[in-house]
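Worksheet: the structure to be examined is printed underneath.
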Amino acid sequence: GENVEQHPSTLSVQEGDSAVIKCTYSDSASNYFPWYKQELGKRPQLIIDIRSNVGEKKDQRIAVTLNKTAKHFSLHITETQPEDSAVYFCAASKGGGSEKLVFGKGTKLTVNP
Amino acid sequence: SAVISQKPSRDICQRGTSLTIQCQVDSQVTMMFWYRQQPGQSLTLIATANQGSEATYESGFVIDKFPISRPNLTFSTLTVSNMSPEDSSIYLCSVEGRGGGPLNEQFFGPGTRLTVL
């Protein structure tokens, strides 16, 4: 079955710097890759996703890139702010509806003021 | 956007008892899923709740321990049976196909924090 590896497990940056979180997946049939942000005591929230027919997607300060050949995808956060501090999870799915998500182990991001 | 609610939000239970967690969505959804998230850990899928048929369980999870119901397109329950302290965790439901949105996008309920003594 699918296996998703996520790195780093913790990341500390200064406010205004960029943060990059990387994930690799094992199943070449996976074609949907969401990212979730989970603040302490809150539910995971979908912040951005990418499908295998595109290589990059941006939403304001957040971007995700996908390299299907290498089977890895990354989350990029620019101009980080203290409110970006949270645990971020990547996931992979075969798509097509009704397919389960397999999650990475998470990255705890701390943005220092 | 659709609202996903869970009841109870938290509970403290005695070992050997059972707890039923409810997940309610205010619009029809295609799929509903149940996850477990242990403290400081990632999300682990327990099962997919299929409307009108038995749930599909992931490896390591069985129906006798985690019976699931899905009577309609807006509601599901997860029961944690014969609980032990190892079942202490956060249980989350998620939904896909909310309001006819893009396939695969999953949105989570607020979670149920379960402590078993």
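Every chain in the structure tokens has a letter given in the order shown (A, B, ...), and although residue numbers restart at 1 in each chain, ligands are simply numbered from 1 in the order shown.
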
* **Close residues, Val111 of chain A itself excluded, 10 Å, only C-alpha atoms, min 6 positions apart in chain, as a VMD selection string** => chain A and resid 11 to 19 80 to 86

Restrict the selected residues to N, CA, C and O atoms and save them as a PDB file, in the first residue's frame.
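Ended up saving to out23.pdb:
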```pdb
ATOM      1  N   LEU A  11      10.434  22.153  12.473  1.00  0.00           N
ATOM      2  CA  LEU A  11      11.043  23.219  11.692  1.00  0.00           C
ATOM      3  C   LEU A  11      10.819  24.527  12.427  1.00  0.00           C
ATOM      4  O   LEU A  11       9.679  24.861  12.773  1.00  0.00           O
ATOM      5  N   SER A  12      11.892  25.244  12.669  1.00  0.00           N
ATOM      6  CA  SER A  12      11.798  26.527  13.347  1.00  0.00           C
ATOM      7  C   SER A  12      12.387  27.598  12.439  1.00  0.00           C
ATOM      8  O   SER A  12      13.511  27.454  11.950  1.00  0.00           O
ATOM      9  N   VAL A  13      11.620  28.651  12.191  1.00  0.00           N
ATOM     10  CA  VAL A  13      12.071  29.734  11.318  1.00  0.00           C
ATOM     11  C   VAL A  13      11.784  31.067  11.981  1.00  0.00           C
ATOM     12  O   VAL A  13      10.957  31.171  12.905  1.00  0.00           O
ATOM     13  N   GLN A  14      12.467  32.094  11.491  1.00  0.00           N
ATOM     14  CA  GLN A  14      12.207  33.443  11.962  1.00  0.00           C
ATOM     15  C   GLN A  14      11.075  34.054  11.125  1.00  0.00           C
ATOM     16  O   GLN A  14      10.937  33.758   9.922  1.00  0.00           O
ATOM     17  N   GLU A  15      10.296  34.858  11.784  1.00  0.00           N
ATOM     18  CA  GLU A  15       9.201  35.542  11.090  1.00  0.00           C
ATOM     19  C   GLU A  15       9.728  36.239   9.841  1.00  0.00           C
ATOM     20  O   GLU A  15      10.762  36.922   9.887  1.00  0.00           O
ATOM     21  N   GLY A  16       9.025  36.055   8.738  1.00  0.00           N
ATOM     22  CA  GLY A  16       9.428  36.656   7.482  1.00  0.00           C
ATOM     23  C   GLY A  16      10.235  35.730   6.589  1.00  0.00           C
ATOM     24  O   GLY A  16      10.313  35.949   5.375  1.00  0.00           O
ATOM     25  N   ASP A  17      10.831  34.695   7.186  1.00  0.00           N
ATOM     26  CA  ASP A  17      11.571  33.717   6.391  1.00  0.00           C
ATOM     27  C   ASP A  17      10.598  32.769   5.685  1.00  0.00           C
ATOM     28  O   ASP A  17       9.395  32.770   5.948  1.00  0.00           O
ATOM     29  N   SER A  18      11.167  31.946   4.799  1.00  0.00           N
ATOM     30  CA  SER A  18      10.371  30.921   4.119  1.00  0.00           C
ATOM     31  C   SER A  18      10.520  29.582   4.833  1.00  0.00           C
ATOM     32  O   SER A  18      11.524  29.328   5.508  1.00  0.00           O
ATOM     33  N   ALA A  19       9.505  28.743   4.668  1.00  0.00           N
ATOM     34  CA  ALA A  19       9.543  27.390   5.237  1.00  0.00           C
ATOM     35  C   ALA A  19       9.185  26.398   4.132  1.00  0.00           C
ATOM     36  O   ALA A  19       8.288  26.663   3.323  1.00  0.00           O
ATOM     37  N   THR A  80       6.727  34.004   6.377  1.00  0.00           N
ATOM     38  CA  THR A  80       6.043  33.335   7.482  1.00  0.00           C
ATOM     39  C   THR A  80       5.665  34.314   8.590  1.00  0.00           C
ATOM     40  O   THR A  80       6.370  35.313   8.845  1.00  0.00           O
ATOM     41  N   GLN A  81       4.551  33.986   9.244  1.00  0.00           N
ATOM     42  CA  GLN A  81       4.028  34.794  10.344  1.00  0.00           C
ATOM     43  C   GLN A  81       3.810  33.886  11.554  1.00  0.00           C
ATOM     44  O   GLN A  81       3.645  32.670  11.392  1.00  0.00           O
ATOM     45  N   PRO A  82       3.805  34.446  12.750  1.00  0.00           N
ATOM     46  CA  PRO A  82       3.611  33.596  13.939  1.00  0.00           C
ATOM     47  C   PRO A  82       2.355  32.733  13.855  1.00  0.00           C
ATOM     48  O   PRO A  82       2.355  31.592  14.353  1.00  0.00           O
ATOM     49  N   GLU A  83       1.328  33.221  13.203  1.00  0.00           N
ATOM     50  CA  GLU A  83       0.091  32.434  13.091  1.00  0.00           C
ATOM     51  C   GLU A  83       0.216  31.245  12.143  1.00  0.00           C
ATOM     52  O   GLU A  83      -0.690  30.420  12.058  1.00  0.00           O
ATOM     53  N   ASP A  84       1.350  31.153  11.447  1.00  0.00           N
ATOM     54  CA  ASP A  84       1.611  29.957  10.635  1.00  0.00           C
ATOM     55  C   ASP A  84       2.094  28.800  11.505  1.00  0.00           C
ATOM     56  O   ASP A  84       2.175  27.660  11.029  1.00  0.00           O
ATOM     57  N   SER A  85       2.430  29.068  12.749  1.00  0.00           N
ATOM     58  CA  SER A  85       2.895  28.016  13.660  1.00  0.00           C
ATOM     59  C   SER A  85       1.778  26.989  13.851  1.00  0.00           C
ATOM     60  O   SER A  85       0.654  27.327  14.233  1.00  0.00           O
ATOM     61  N   ALA A  86       2.105  25.735  13.562  1.00  0.00           N
ATOM     62  CA  ALA A  86       1.118  24.643  13.626  1.00  0.00           C
ATOM     63  C   ALA A  86       1.825  23.361  13.219  1.00  0.00           C
ATOM     64  O   ALA A  86       3.011  23.364  12.885  1.00  0.00           O
TER      65      ALA A  86
END
```

Hey, what's within 10 Å of Thr56 of chain B if we count only C-alpha atoms and toss same-chain stuff fewer than 4 positions away? As a compact mmCIF listing (two decimals) with N, CA and C atoms, in the first residue's frame, please?
```txt
# COMPACT_ATOMS: atom_id res chain seq x y z
N PHE B 33 -15.51 9.24 6.62
CA PHE B 33 -14.40 8.45 7.11
C PHE B 33 -14.24 8.67 8.61
N ILE B 46 -9.43 4.60 10.38
CA ILE B 46 -10.03 3.41 10.97
C ILE B 46 -10.86 2.68 9.92
N ALA B 47 -11.76 3.43 9.29
CA ALA B 47 -12.66 2.81 8.33
C ALA B 47 -13.36 3.86 7.49
N THR B 48 -13.87 3.40 6.37
CA THR B 48 -14.71 4.20 5.49
C THR B 48 -16.15 3.80 5.75
N ALA B 49 -16.98 4.80 6.05
CA ALA B 49 -18.39 4.53 6.36
C ALA B 49 -19.20 4.60 5.07
N ASN B 50 -19.68 3.50 4.61
CA ASN B 50 -20.42 3.42 3.35
C ASN B 50 -21.92 3.50 3.63
N PHE B 61 -7.91 -2.75 12.35
CA PHE B 61 -9.18 -2.31 12.94
C PHE B 61 -10.26 -3.30 12.53
N VAL B 62 -11.10 -3.69 13.50
CA VAL B 62 -12.13 -4.69 13.22
C VAL B 62 -13.50 -4.19 13.65
N ILE B 63 -14.51 -4.75 13.01
CA ILE B 63 -15.88 -4.30 13.22
C ILE B 63 -16.35 -4.54 14.64
N ILE B 68 -19.53 0.66 13.03
CA ILE B 68 -19.85 1.93 12.39
C ILE B 68 -21.21 1.82 11.74
```

I'd like a table as JSON lines: residues in chain B with an atom no more than 7 Å from chain A, each row giving the shortest atom pair and its distance in Å to one decimal, only C-alpha atoms counted, sorted by chain and rising residue number.
```
{"residue": "B:Met31", "atom": "CA", "partner": "A:Ser98", "partner_atom": "CA", "distance": 6.3}
{"residue": "B:Gln41", "atom": "CA", "partner": "A:Lys105", "partner_atom": "CA", "distance": 6.7}
{"residue": "B:Ser42", "atom": "CA", "partner": "A:Lys105", "partner_atom": "CA", "distance": 5.0}
{"residue": "B:Leu43", "atom": "CA", "partner": "A:Phe103", "partner_atom": "CA", "distance": 6.5}
{"residue": "B:Leu103", "atom": "CA", "partner": "A:Gly97", "partner_atom": "CA", "distance": 5.1}
{"residue": "B:Asn104", "atom": "CA", "partner": "A:Gly97", "partner_atom": "CA", "distance": 5.2}
{"residue": "B:Phe107", "atom": "CA", "partner": "A:Leu46", "partner_atom": "CA", "distance": 6.9}
{"residue": "B:Phe108", "atom": "CA", "partner": "A:Arg43", "partner_atom": "CA", "distance": 6.4}
{"residue": "B:Gly109", "atom": "CA", "partner": "A:Arg43", "partner_atom": "CA", "distance": 6.6}
{"residue": "B:Pro110", "atom": "CA", "partner": "A:Arg43", "partner_atom": "CA", "distance": 5.1}
{"residue": "B:Gly111", "atom": "CA", "partner": "A:Arg43", "partner_atom": "CA", "distance": 6.6}
```

Suppose we keep N, CA and C atoms; can you now write the selection as a CSV table (one decimal), in the first residue's frame?
```
chain,number,residue,atom,x,y,z
B,31,MET,N,-18.9,10.5,0.8
B,31,MET,CA,-18.1,9.6,1.7
B,31,MET,C,-17.9,10.2,3.1
B,41,GLN,N,0.6,12.5,17.3
B,41,GLN,CA,0.8,11.6,16.2
B,41,GLN,C,0.0,12.1,15.0
B,42,SER,N,0.1,11.3,13.9
B,42,SER,CA,-0.6,11.6,12.7
B,42,SER,C,-2.0,11.0,12.7
B,43,LEU,N,-2.7,11.1,11.6
B,43,LEU,CA,-4.0,10.6,11.5
B,43,LEU,C,-4.0,9.2,10.9
B,103,LEU,N,-13.9,16.1,-6.1
B,103,LEU,CA,-13.6,14.8,-5.5
B,103,LEU,C,-12.3,14.9,-4.7
B,104,ASN,N,-12.3,14.0,-3.7
B,104,ASN,CA,-11.1,13.8,-2.9
B,104,ASN,C,-11.0,14.8,-1.7
B,107,PHE,N,-12.8,17.0,4.5
B,107,PHE,CA,-12.9,18.1,5.6
B,107,PHE,C,-13.2,17.3,6.9
B,108,PHE,N,-12.6,17.8,7.9
B,108,PHE,CA,-12.7,17.1,9.2
B,108,PHE,C,-13.7,17.7,10.2
B,109,GLY,N,-14.3,16.9,11.0
B,109,GLY,CA,-15.1,17.4,12.1
B,109,GLY,C,-14.1,17.8,13.2
B,110,PRO,N,-14.7,18.4,14.3
B,110,PRO,CA,-13.9,18.9,15.4
B,110,PRO,C,-13.2,17.9,16.2
B,111,GLY,N,-13.6,16.6,16.1
B,111,GLY,CA,-13.0,15.6,16.9
B,111,GLY,C,-13.7,15.3,18.2
```

* Run DSSP on the backbone and grab whatever in segment 2-113 of chain A lands in strand (DSSP E or B); send it over as a PyMOL selection string. => chain A and resi 4-7+10-14+19-25+32-38+45-51+56-59+62-67+72-77+86-93+102-103+107-112

* Nearest to Gly40 of chain B among A:Gln6, A:Thr78, A:Gln38, A:Thr69, with distances taken over only C-alpha atoms: which residue is it? ->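 Closest candidate: A:Gln38.
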
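When atom CA of Ile21 of chain A is paired with atom CA of Val64 of chain A, their separation reads 9.6 Å.
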
Can you pull out every residue within 8 Å of Lys22 of chain A, counting only C-alpha atoms, but drop anything in the same chain fewer than 4 positions away, and send it as an mmCIF file with all heavy atoms, in the first residue's frame?
```
data_model
loop_
_atom_site.group_PDB
_atom_site.id
_atom_site.type_symbol
_atom_site.label_atom_id
_atom_site.label_comp_id
_atom_site.auth_asym_id
_atom_site.auth_seq_id
_atom_site.Cartn_x
_atom_site.Cartn_y
_atom_site.Cartn_z
ATOM 1 N N GLN A 6 7.472 12.183 5.454
ATOM 2 C CA GLN A 6 7.437 13.638 5.571
ATOM 3 C C GLN A 6 8.648 14.119 6.367
ATOM 4 O O GLN A 6 8.972 13.566 7.420
ATOM 5 C CB GLN A 6 6.136 14.060 6.267
ATOM 6 C CG GLN A 6 5.941 15.559 6.372
ATOM 7 C CD GLN A 6 4.561 15.929 6.888
ATOM 8 O OE1 GLN A 6 3.649 15.102 6.952
ATOM 9 N NE2 GLN A 6 4.392 17.179 7.259
ATOM 10 N N HIS A 7 9.269 15.196 5.858
ATOM 11 C CA HIS A 7 10.453 15.767 6.514
ATOM 12 C C HIS A 7 10.449 17.289 6.387
ATOM 13 O O HIS A 7 9.998 17.816 5.371
ATOM 14 C CB HIS A 7 11.727 15.229 5.854
ATOM 15 C CG HIS A 7 11.883 13.761 5.957
ATOM 16 N ND1 HIS A 7 12.324 13.122 7.095
ATOM 17 C CD2 HIS A 7 11.601 12.780 5.061
ATOM 18 C CE1 HIS A 7 12.319 11.825 6.884
ATOM 19 N NE2 HIS A 7 11.890 11.586 5.665
ATOM 20 N N PRO A 8 10.966 18.006 7.385
ATOM 21 C CA PRO A 8 11.458 17.492 8.660
ATOM 22 C C PRO A 8 10.291 17.262 9.634
ATOM 23 O O PRO A 8 9.172 17.637 9.340
ATOM 24 C CB PRO A 8 12.360 18.631 9.146
ATOM 25 C CG PRO A 8 11.681 19.860 8.614
ATOM 26 C CD PRO A 8 11.099 19.462 7.282
ATOM 27 N N HIS A 72 7.734 13.040 -5.306
ATOM 28 C CA HIS A 72 7.759 13.878 -4.118
ATOM 29 C C HIS A 72 7.028 15.191 -4.359
ATOM 30 O O HIS A 72 6.875 15.646 -5.498
ATOM 31 C CB HIS A 72 9.173 14.081 -3.584
ATOM 32 C CG HIS A 72 10.086 14.896 -4.429
ATOM 33 N ND1 HIS A 72 9.961 16.257 -4.629
ATOM 34 C CD2 HIS A 72 11.204 14.538 -5.090
ATOM 35 C CE1 HIS A 72 10.933 16.688 -5.395
ATOM 36 N NE2 HIS A 72 11.694 15.673 -5.697
ATOM 37 N N PHE A 73 6.533 15.767 -3.287
ATOM 38 C CA PHE A 73 5.821 17.033 -3.336
ATOM 39 C C PHE A 73 6.179 17.848 -2.093
ATOM 40 O O PHE A 73 6.581 17.283 -1.076
ATOM 41 C CB PHE A 73 4.309 16.826 -3.480
ATOM 42 C CG PHE A 73 3.649 15.987 -2.420
ATOM 43 C CD1 PHE A 73 2.789 16.557 -1.505
ATOM 44 C CD2 PHE A 73 3.856 14.605 -2.362
ATOM 45 C CE1 PHE A 73 2.154 15.787 -0.542
ATOM 46 C CE2 PHE A 73 3.233 13.830 -1.401
ATOM 47 C CZ PHE A 73 2.374 14.432 -0.487
ATOM 48 N N SER A 74 6.098 19.142 -2.240
ATOM 49 C CA SER A 74 6.580 20.034 -1.191
ATOM 50 C C SER A 74 5.600 21.172 -0.948
ATOM 51 O O SER A 74 4.914 21.622 -1.869
ATOM 52 C CB SER A 74 7.938 20.633 -1.576
ATOM 53 O OG SER A 74 8.904 19.632 -1.785
ATOM 54 N N LEU A 75 5.590 21.631 0.289
ATOM 55 C CA LEU A 75 4.815 22.804 0.684
ATOM 56 C C LEU A 75 5.790 23.940 0.942
ATOM 57 O O LEU A 75 6.778 23.762 1.662
ATOM 58 C CB LEU A 75 4.005 22.510 1.946
ATOM 59 C CG LEU A 75 3.192 23.668 2.516
ATOM 60 C CD1 LEU A 75 2.005 23.969 1.607
ATOM 61 C CD2 LEU A 75 2.702 23.356 3.929
#
```

* Find the spatial neighbours of segment 88-90 of chain B, counting only C-alpha atoms, within a cut-off of 8 Å - ignore same-chain residues fewer than 6 positions away - and output them as a ChimeraX atom specification. => /B:36-39,111-116

* Asked: Mind pulling up the distance from atom CA of Glu2 of chain A to atom CA of Glu54 of chain B?
  -> 23.4 Å

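Atom pair atom CA of Lys57 of chain A / atom CA of Ala70 of chain A: separated by 17.7 Å.
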
* To do: Would you kindly return, as a PyMOL selection string, each protein, DNA or RNA residue with an atom no farther than 6 Å from any atom of Tyr35 of chain B, considering only C-alpha atoms and excluding same-chain residues fewer than 4 positions away?
  => chain B and resi 44-46+91-92

* To do: Considering only C-alpha atoms, state which residue in the set B:Met32, B:Asp11, B:Thr77, B:Thr20 is at the smallest distance from Gln106 of chain B.
  =>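 Closest candidate: B:Met32.
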
* Please identify all polymer residues within 8 Å of Lys7 of chain B, counting only C-alpha atoms, omitting same-chain residues fewer than 3 positions from it, and present them as a PyMOL selection string. => chain B and resi 10+21-23+112
